[in-house]
Every structure is written in structure tokens, then in C-alpha cells.
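Here's entry.pdb, which has PDB, C-alpha atoms:
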```pdb
ATOM      1  CA  MET A   1     100.744-104.610 -21.077
ATOM      2  CA  ARG A   2      96.988-105.204 -21.046
ATOM      3  CA  ALA A   3      97.392-108.604 -22.699
ATOM      4  CA  HIS A   4      99.969-109.573 -20.054
ATOM      5  CA  HIS A   5      97.597-108.442 -17.268
ATOM      6  CA  GLU A   6      94.710-110.444 -18.747
ATOM      7  CA  LYS A   7      96.976-113.509 -19.070
ATOM      8  CA  SER A   8      98.026-113.116 -15.403
ATOM      9  CA  LEU A   9      94.386-112.909 -14.277
ATOM     10  CA  SER A  10      93.537-115.972 -16.381
ATOM     11  CA  GLN A  11      96.372-117.941 -14.808
ATOM     12  CA  ARG A  12      95.277-116.946 -11.301
ATOM     13  CA  PHE A  13      91.693-117.918 -12.070
ATOM     14  CA  SER A  14      92.883-121.271 -13.415
ATOM     15  CA  ILE A  15      94.921-121.909 -10.250
ATOM     16  CA  LEU A  16      91.960-120.980  -8.031
ATOM     17  CA  ARG A  17      89.660-123.226 -10.053
ATOM     18  CA  ASN A  18      92.079-126.154  -9.766
ATOM     19  CA  ASP A  19      92.486-125.548  -6.019
ATOM     20  CA  PHE A  20      88.712-125.441  -5.572
ATOM     21  CA  SER A  21      88.296-128.645  -7.619
ATOM     22  CA  SER A  22      90.933-130.408  -5.516
ATOM     23  CA  TYR A  23      89.325-129.184  -2.279
ATOM     24  CA  TYR A  24      85.858-130.237  -3.452
ATOM     25  CA  LEU A  25      87.168-133.680  -4.440
ATOM     26  CA  MET A  26      88.823-134.083  -1.036
ATOM     27  CA  ILE A  27      85.629-133.097   0.843
ATOM     28  CA  ASN A  28      83.475-135.293  -1.379
ATOM     29  CA  THR A  29      85.807-138.271  -0.872
ATOM     30  CA  MET A  30      85.822-137.730   2.902
ATOM     31  CA  GLU A  31      82.011-137.549   3.013
ATOM     32  CA  THR A  32      81.762-140.784   0.981
ATOM     33  CA  SER A  33      84.239-142.521   3.298
ATOM     34  CA  LEU A  34      82.325-141.335   6.361
ATOM     35  CA  ILE A  35      79.044-142.609   4.951
ATOM     36  CA  LEU A  36      80.613-146.039   4.357
ATOM     37  CA  MET A  37      82.023-146.046   7.880
ATOM     38  CA  ILE A  38      78.638-145.180   9.370
ATOM     39  CA  LEU A  39      77.030-147.981   7.344
ATOM     40  CA  GLN A  40      79.670-150.418   8.619
ATOM     41  CA  THR A  41      79.016-149.283  12.183
ATOM     42  CA  CYS A  42      75.266-149.772  11.699
ATOM     43  CA  CYS A  43      75.869-153.302  10.376
ATOM     44  CA  PHE A  44      78.095-154.024  13.365
ATOM     45  CA  ILE A  45      75.524-152.743  15.880
ATOM     46  CA  THR A  46      72.801-154.778  14.158
ATOM     47  CA  ALA A  47      74.922-157.947  14.343
ATOM     48  CA  TRP A  48      75.747-157.175  17.975
ATOM     49  CA  LEU A  49      72.061-156.795  18.899
ATOM     50  CA  LEU A  50      71.080-159.991  17.057
ATOM     51  CA  ILE A  51      73.821-161.996  18.781
ATOM     52  CA  ASP A  52      72.915-160.485  22.138
ATOM     53  CA  ARG A  53      69.281-161.441  21.620
ATOM     54  CA  HIS A  54      70.238-164.995  20.665
ATOM     55  CA  VAL A  55      72.560-165.446  23.654
ATOM     56  CA  THR A  56      69.978-163.988  26.030
ATOM     57  CA  HIS A  57      67.301-166.447  24.920
ATOM     58  CA  HIS A  58      69.313-169.524  23.906
ATOM     59  CA  GLY A  59      72.634-169.252  25.714
ATOM     60  CA  PRO A  60      76.196-168.980  24.326
ATOM     61  CA  ILE A  61      76.881-170.042  20.755
ATOM     62  CA  PRO A  62      78.977-173.250  20.574
ATOM     63  CA  ALA A  63      82.625-172.748  19.585
ATOM     64  CA  ALA A  64      82.360-168.932  19.951
ATOM     65  CA  ARG A  65      84.985-168.867  22.709
ATOM     66  CA  THR A  66      87.363-170.981  20.627
ATOM     67  CA  LEU A  67      86.802-168.637  17.681
ATOM     68  CA  ASN A  68      87.531-165.641  19.925
ATOM     69  CA  ARG A  69      90.734-167.235  21.165
ATOM     70  CA  TRP A  70      91.994-167.844  17.634
ATOM     71  CA  HIS A  71      90.866-164.378  16.540
ATOM     72  CA  SER A  72      92.916-162.923  19.414
ATOM     73  CA  ARG A  73      96.017-164.877  18.395
ATOM     74  CA  VAL A  74      95.736-163.778  14.778
ATOM     75  CA  TYR A  75      95.147-160.154  15.764
ATOM     76  CA  SER A  76      98.138-160.239  18.104
ATOM     77  CA  VAL A  77     100.373-161.239  15.187
ATOM     78  CA  LEU A  78      98.777-158.644  12.912
ATOM     79  CA  SER A  79      99.333-155.958  15.572
ATOM     80  CA  ALA A  80     103.011-156.896  15.762
ATOM     81  CA  LEU A  81     103.260-156.578  11.972
ATOM     82  CA  LEU A  82     101.483-153.209  12.139
ATOM     83  CA  LEU A  83     103.981-152.091  14.765
ATOM     84  CA  TYR A  84     106.815-152.958  12.373
ATOM     85  CA  LEU A  85     105.158-151.057   9.500
ATOM     86  CA  THR A  86     104.456-148.078  11.761
ATOM     87  CA  LEU A  87     108.096-147.810  12.778
ATOM     88  CA  SER A  88     109.256-148.168   9.168
ATOM     89  CA  PRO A  89     109.467-144.730   7.484
ATOM     90  CA  THR A  90     109.139-146.312   4.009
ATOM     91  CA  HIS A  91     105.612-147.662   4.665
ATOM     92  CA  ASP A  92     103.839-144.495   5.803
ATOM     93  CA  GLU A  93     100.678-144.612   3.709
ATOM     94  CA  ALA A  94     100.296-148.389   3.853
ATOM     95  CA  ALA A  95     100.775-148.420   7.622
ATOM     96  CA  ARG A  96      98.217-145.666   8.196
ATOM     97  CA  THR A  97      95.642-147.342   5.935
ATOM     98  CA  LEU A  98      96.102-150.808   7.461
ATOM     99  CA  TYR A  99      95.991-149.381  10.974
ATOM    100  CA  HIS A 100      92.650-147.742  10.196
ATOM    101  CA  ILE A 101      91.257-150.951   8.667
ATOM    102  CA  SER A 102      92.391-152.941  11.712
ATOM    103  CA  LYS A 103      89.923-151.012  13.874
ATOM    104  CA  PHE A 104      87.048-152.530  11.915
ATOM    105  CA  TRP A 105      88.623-155.953  12.448
ATOM    106  CA  GLU A 106      88.299-155.308  16.178
ATOM    107  CA  TYR A 107      84.511-155.357  15.742
ATOM    108  CA  ILE A 108      84.849-159.167  15.537
ATOM    109  CA  ASP A 109      86.191-159.140  19.082
ATOM    110  CA  VAL A 110      82.947-157.711  20.472
ATOM    111  CA  LEU A 111      80.812-160.134  18.484
ATOM    112  CA  THR A 112      82.737-163.279  19.475
ATOM    113  CA  VAL A 113      82.945-162.261  23.147
ATOM    114  CA  ARG A 114      79.180-161.723  23.299
ATOM    115  CA  ALA A 115      78.504-164.882  21.280
ATOM    116  CA  GLY A 116      80.509-166.820  23.869
ATOM    117  CA  GLY A 117      78.327-165.478  26.669
ATOM    118  CA  GLY A 118      80.615-162.668  27.797
ATOM    119  CA  LEU A 119      79.316-159.232  28.758
ATOM    120  CA  ILE A 120      80.313-156.055  26.901
ATOM    121  CA  ASP A 121      80.965-153.286  29.420
ATOM    122  CA  LEU A 122      80.828-149.553  28.685
ATOM    123  CA  HIS A 123      84.583-149.184  28.131
ATOM    124  CA  PHE A 124      84.809-152.173  25.799
ATOM    125  CA  GLY A 125      81.770-151.254  23.712
ATOM    126  CA  PHE A 126      82.389-147.495  23.434
ATOM    127  CA  HIS A 127      86.074-147.990  22.599
ATOM    128  CA  HIS A 128      85.454-150.471  19.782
ATOM    129  CA  LEU A 129      82.618-148.393  18.330
ATOM    130  CA  THR A 130      84.600-145.158  18.128
ATOM    131  CA  THR A 131      88.223-146.053  17.335
ATOM    132  CA  PRO A 132      87.598-146.258  13.553
ATOM    133  CA  TYR A 133      86.549-142.593  13.660
ATOM    134  CA  LEU A 134      89.618-141.702  15.718
ATOM    135  CA  THR A 135      91.932-143.290  13.150
ATOM    136  CA  PHE A 136      89.958-141.793  10.244
ATOM    137  CA  PHE A 137      90.301-138.190  11.408
ATOM    138  CA  ARG A 138      93.646-138.425  13.193
ATOM    139  CA  VAL A 139      95.651-140.947  11.164
ATOM    140  CA  LEU A 140      94.211-140.981   7.650
ATOM    141  CA  ARG A 141      93.124-137.345   7.259
ATOM    142  CA  ASN A 142      95.562-135.641   9.626
ATOM    143  CA  SER A 143      98.683-137.711  10.094
ATOM    144  CA  GLU A 144     101.038-135.293  11.808
ATOM    145  CA  GLY A 145     102.718-137.059  14.729
ATOM    146  CA  TRP A 146     100.686-140.229  14.141
ATOM    147  CA  ARG A 147     103.526-142.731  14.612
ATOM    148  CA  THR A 148     104.071-142.402  18.374
ATOM    149  CA  PHE A 149     100.543-143.190  19.534
ATOM    150  CA  THR A 150     100.036-145.789  16.790
ATOM    151  CA  ALA A 151     103.238-147.588  17.797
ATOM    152  CA  LEU A 152     102.206-147.606  21.457
ATOM    153  CA  ASN A 153      98.687-148.755  20.571
ATOM    154  CA  THR A 154      99.781-151.590  18.276
ATOM    155  CA  ALA A 155     102.378-152.750  20.832
ATOM    156  CA  HIS A 156      99.690-152.796  23.540
ATOM    157  CA  HIS A 157      97.327-154.728  21.283
ATOM    158  CA  ALA A 158     100.010-157.257  20.351
ATOM    159  CA  LEU A 159     100.483-158.026  24.066
ATOM    160  CA  MET A 160      96.815-157.781  25.068
ATOM    161  CA  TYR A 161      95.472-160.034  22.336
ATOM    162  CA  ALA A 162      98.288-162.507  22.931
ATOM    163  CA  TYR A 163      97.023-162.652  26.523
ATOM    164  CA  PHE A 164      93.445-163.124  25.308
ATOM    165  CA  GLY A 165      94.767-165.909  23.112
ATOM    166  CA  GLY A 166      96.250-167.733  26.093
ATOM    167  CA  ALA A 167      99.640-166.097  26.787
ATOM    168  CA  SER A 168      99.012-165.321  30.462
ATOM    169  CA  ALA A 169     102.603-164.114  30.994
ATOM    170  CA  PHE A 170     101.692-160.739  29.487
ATOM    171  CA  ARG A 171      98.908-159.971  31.991
ATOM    172  CA  PRO A 172     101.061-158.044  34.548
ATOM    173  CA  VAL A 173     102.067-155.357  32.004
ATOM    174  CA  LEU A 174      98.703-154.731  30.348
ATOM    175  CA  ASP A 175      97.365-152.193  32.849
ATOM    176  CA  PHE A 176     100.560-150.162  32.459
ATOM    177  CA  THR A 177     100.702-150.305  28.646
ATOM    178  CA  GLY A 178      96.974-149.582  28.357
ATOM    179  CA  CYS A 179      97.181-146.501  30.557
ATOM    180  CA  ALA A 180     100.527-145.275  29.214
ATOM    181  CA  GLN A 181      99.392-145.193  25.586
ATOM    182  CA  LEU A 182      96.367-143.065  26.481
ATOM    183  CA  VAL A 183      98.240-140.623  28.724
ATOM    184  CA  ILE A 184     101.028-140.148  26.173
ATOM    185  CA  GLY A 185      98.473-139.765  23.368
ATOM    186  CA  ILE A 186      96.576-137.057  25.280
ATOM    187  CA  ILE A 187      99.807-135.210  26.110
ATOM    188  CA  MET A 188     100.836-135.291  22.440
ATOM    189  CA  GLU A 189      97.489-133.934  21.252
ATOM    190  CA  ALA A 190      97.535-131.201  23.928
ATOM    191  CA  THR A 191     101.073-130.231  22.897
ATOM    192  CA  MET A 192     100.076-130.002  19.243
ATOM    193  CA  LEU A 193      97.016-127.941  20.148
ATOM    194  CA  TRP A 194      99.174-125.574  22.188
ATOM    195  CA  SER A 195     101.466-124.977  19.217
ATOM    196  CA  ARG A 196      98.643-124.502  16.687
ATOM    197  CA  ASP A 197      97.078-121.276  15.429
ATOM    198  CA  THR A 198      93.337-120.623  15.360
ATOM    199  CA  ASP A 199      92.784-122.400  12.029
ATOM    200  CA  GLU A 200      89.864-124.753  12.753
ATOM    201  CA  VAL A 201      90.845-127.147   9.955
ATOM    202  CA  ARG A 202      94.177-127.790  11.671
ATOM    203  CA  VAL A 203      92.913-127.732  15.264
ATOM    204  CA  LEU A 204      89.744-129.842  15.136
ATOM    205  CA  PRO A 205      91.395-133.252  14.500
ATOM    206  CA  HIS A 206      93.549-132.760  17.611
ATOM    207  CA  VAL A 207      90.540-131.654  19.694
ATOM    208  CA  PHE A 208      88.579-134.687  18.520
ATOM    209  CA  ALA A 209      91.467-137.075  19.233
ATOM    210  CA  ALA A 210      92.191-135.595  22.669
ATOM    211  CA  GLY A 211      88.509-135.802  23.585
ATOM    212  CA  LEU A 212      88.189-139.458  22.572
ATOM    213  CA  LEU A 213      91.456-140.490  24.231
ATOM    214  CA  GLY A 214      90.376-138.654  27.378
ATOM    215  CA  SER A 215      87.061-140.559  27.303
ATOM    216  CA  TYR A 216      88.923-143.853  26.971
ATOM    217  CA  LEU A 217      91.136-142.948  29.922
ATOM    218  CA  VAL A 218      88.141-142.070  32.133
ATOM    219  CA  LEU A 219      86.368-145.312  31.186
ATOM    220  CA  TRP A 220      89.568-147.301  31.761
ATOM    221  CA  ALA A 221      89.960-145.763  35.239
ATOM    222  CA  ARG A 222      86.293-146.553  35.948
ATOM    223  CA  GLU A 223      86.841-150.170  34.911
ATOM    224  CA  MET A 224      89.937-150.507  37.103
ATOM    225  CA  THR A 225      88.050-149.057  40.082
ATOM    226  CA  MET A 226      85.172-151.481  39.605
ATOM    227  CA  ARG A 227      87.579-154.408  39.432
ATOM    228  CA  ARG A 228      89.245-153.370  42.681
ATOM    229  CA  ILE A 229      85.856-153.083  44.380
ATOM    230  CA  GLU A 230      84.859-156.536  43.132
ATOM    231  CA  ARG A 231      88.126-158.069  44.379
ATOM    232  CA  SER A 232      87.753-156.478  47.789
ATOM    233  CA  GLU A 233      84.166-157.740  48.049
ATOM    234  CA  VAL A 234      85.300-161.268  47.195
ATOM    235  CA  LYS A 235      87.987-161.109  49.897
ATOM    236  CA  ASN A 236      85.482-159.916  52.492
ATOM    237  CA  THR A 237      83.009-162.734  51.805
TER     238      THR A 237
END
```

Is it possible to give me this structure as C-alpha cells?
Amino acid sequence: MRAHHEKSLSQRFSILRNDFSSYYLMINTMETSLILMILQTCCFITAWLLIDRHVTHHGPIPAARTLNRWHSRVYSVLSALLLYLTLSPTHDEAARTLYHISKFWEYIDVLTVRAGGGLIDLHFGFHHLTTPYLTFFRVLRNSEGWRTFTALNTAHHALMYAYFGGASAFRPVLDFTGCAQLVIGIIMEATMLWSRDTDEVRVLPHVFAAGLLGSYLVLWAREMTMRRIERSEVKNT
């Protein structure tokens, strides 16, 4: 009886030790990934500042606008492929990983726009800086319900970057698709939060995602308001 009790305790200790090792490995891997992401962001900001300084003093970089146009066309096609993978239940892990990586690819958009002499407004800059962290916490690390927003986002990007690449026919729908993806994403996160318990590990990714999506929506509304004001001023002059 005693030997059986000692064996049971040993098995429980072994299970706890394995669980702790797995948890430690997961946390350590996440910290390493975050450090790499922060380093990538720092490199991006450094490149952005250097390009901004060059454009300010020497003017736009030749061929930057052409490069941006071709980058937009390529990213439009890649977004369409990501949409297909997102909607395919057999490519879950690959789709989530590629979707996360694609947010670093969007850094090129900021750099080529600024290199061509364009200005980076608050919405544009903040969005591109923070989306890799949104996908890291909400798609890679906590993937529950990830497909709906990701599908809407990749569909919007396929249309938007096609427009940036020269397909002007898509322009009328972009304001709707841009707003709709954010509103639906916020509603989804709020719904998941409402159905959650008080476990912080399960709640925090949804809080983080809802907060970022809400910030994007506020900045988008600000941008739309500023555009309307500019158009009305042009009409009045």
C-alpha cells in the first residue's frame, strides 16, 4: 500500500515537472520571439528615420514610387493567397504563421511611400508599427476565432493594395471594407471577452486585440474626417 502511494506521488511529481518544463519552454520561446520582433521594429524605425532625413534634405528617391507600385501589386496577390489559406481548414498553422510574417512585409510600404516623397500620417504609421504585435498575441499565441478577422483583413488588403498598384476600380469599396473589418473584429473580441471567465491568461489577448482594433478605428475615423474637411476647403476656394 505504501509502495503504491509512493509510486502515485512520484508519477504526480513527474507530471507536474513535465508541465512546468513545457510551460517554461513556452514562455521562454515567447520572450525570445518578442525580443526578435522588437529588434525588427527598431531596425524598421531606424530605416524610416534615415529615409525621412534623406528625403527632407535631398528630395524623393528616384524610382521609389515605381517600387511602391510593384510592391503593392505583389502584396495584393499575396493577400489573396493568404485569404485562400485562411479559409482552408487544412492550412491552419501555415496560414497563421504566414499572416503574421506578412505584417513585417508591410513595413516596406511605409519605407517606399516615404522614399517617394509621401507623408506618413498617424493612422498609417501607428497601424503598420503595431499590427505584428496584434497578430503575434491574437493569431499565433491565441488563435481562437482568428479566421473571421484574418479573412476580412486579407480581403481588404487584396483590394486596397490592388488599388495602390493602379486598379482604381476598387477605390469605392475600400472605405467600407476598411471600416467593416475593424467593427466586426471589435465585436468578435468583445463577444469572446463577455463569454470568458476571470482567467487573465485567456482574457488578456482579447483585451489587447480589442484595444488595438479600437485604436485603428478611431484613427481611421479621424483620417476620414480630415479628408472631408480638406475636400470641403478645396470646394470653397

**Study point:** Selection result for the PyMOL selection byres ((chain A and resi 119-124) around 12) on this file, as a PyMOL selection string
**Key:** chain A and resi 48-49+51-52+55-56+60+106-107+109-118+125-131+212-213+215-224+226

Exercise for review: Find the residues around stretch 82-91 of chain A up to 7 Å (all atoms listed in the file counted), leave out those fewer than 2 positions away in its own chain, and share them as a list in words.
Suggested key: Leu78, Ser79, Ala80, Glu93, Ala94, Ala95, Tyr99, Arg147, Ala151, Thr154 and Ala155 of chain A

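We find atom CA of A:Ala190 and atom CA of A:Ala210 to be spaced 7.0 Å apart.
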
Review point. Could you write out as number ranges by chain the residues that the PyMOL selection byres ((chain A and resi 205) around 10) matches in the shown file?
Key: A: 134, 136-139, 141-143, 189, 193, 200-204, 206-211

Review point. Skipping near chain neighbours, those fewer than 2 positions away, what residues fall within 8 Å of A:Leu182 using all atoms listed in the file, listed as a list in words?
Key: Gly178, Cys179, Ala180, Ile184, Gly185, Ile186, Leu213, Gly214, Tyr216 and Leu217 of chain A

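The space between atom CA of A:Trp70 and atom CA of A:His156 spans 17.9 Å.
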
Review point. Care to translate the PyMOL selection byres ((chain A and resi 163-176) around 9) into actual residues of this file, as an NGL selection string?
Key: :A and (68-74 or 76 or 156 or 158-162 or 177-181 or 224)

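For the pair atom CA of A:Leu67 and atom CA of A:Leu81, the interatomic distance is 21.2 Å.
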
**Study point:** Residues within 8 Å of A:Ile101, all atoms listed in the file, excluding chain neighbours under 4 positions, as a VMD selection string
**Key:** chain A and resid 97 105 132

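Minimum atom-to-atom distances from A:Ala63, A:Val183, A:Leu140, A:Ile108 to A:Phe44 were compared using all atoms listed in the file, and the lowest value belongs to A:Ile108.
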
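Closest approach to A:Arg96 among A:Thr46, A:His57, A:Phe149, A:Ile38: A:Phe149, based on all atoms listed in the file.
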
Centre, edges in Å (one decimal): axis-aligned box, stretch 146-159 of chain A, 6 Å padding on all six sides, as AutoDock Vina command-line options:
```
--center_x 100.7 --center_y -149.1 --center_z 19.1 --size_x 18.7 --size_y 29.8 --size_z 21.9
```
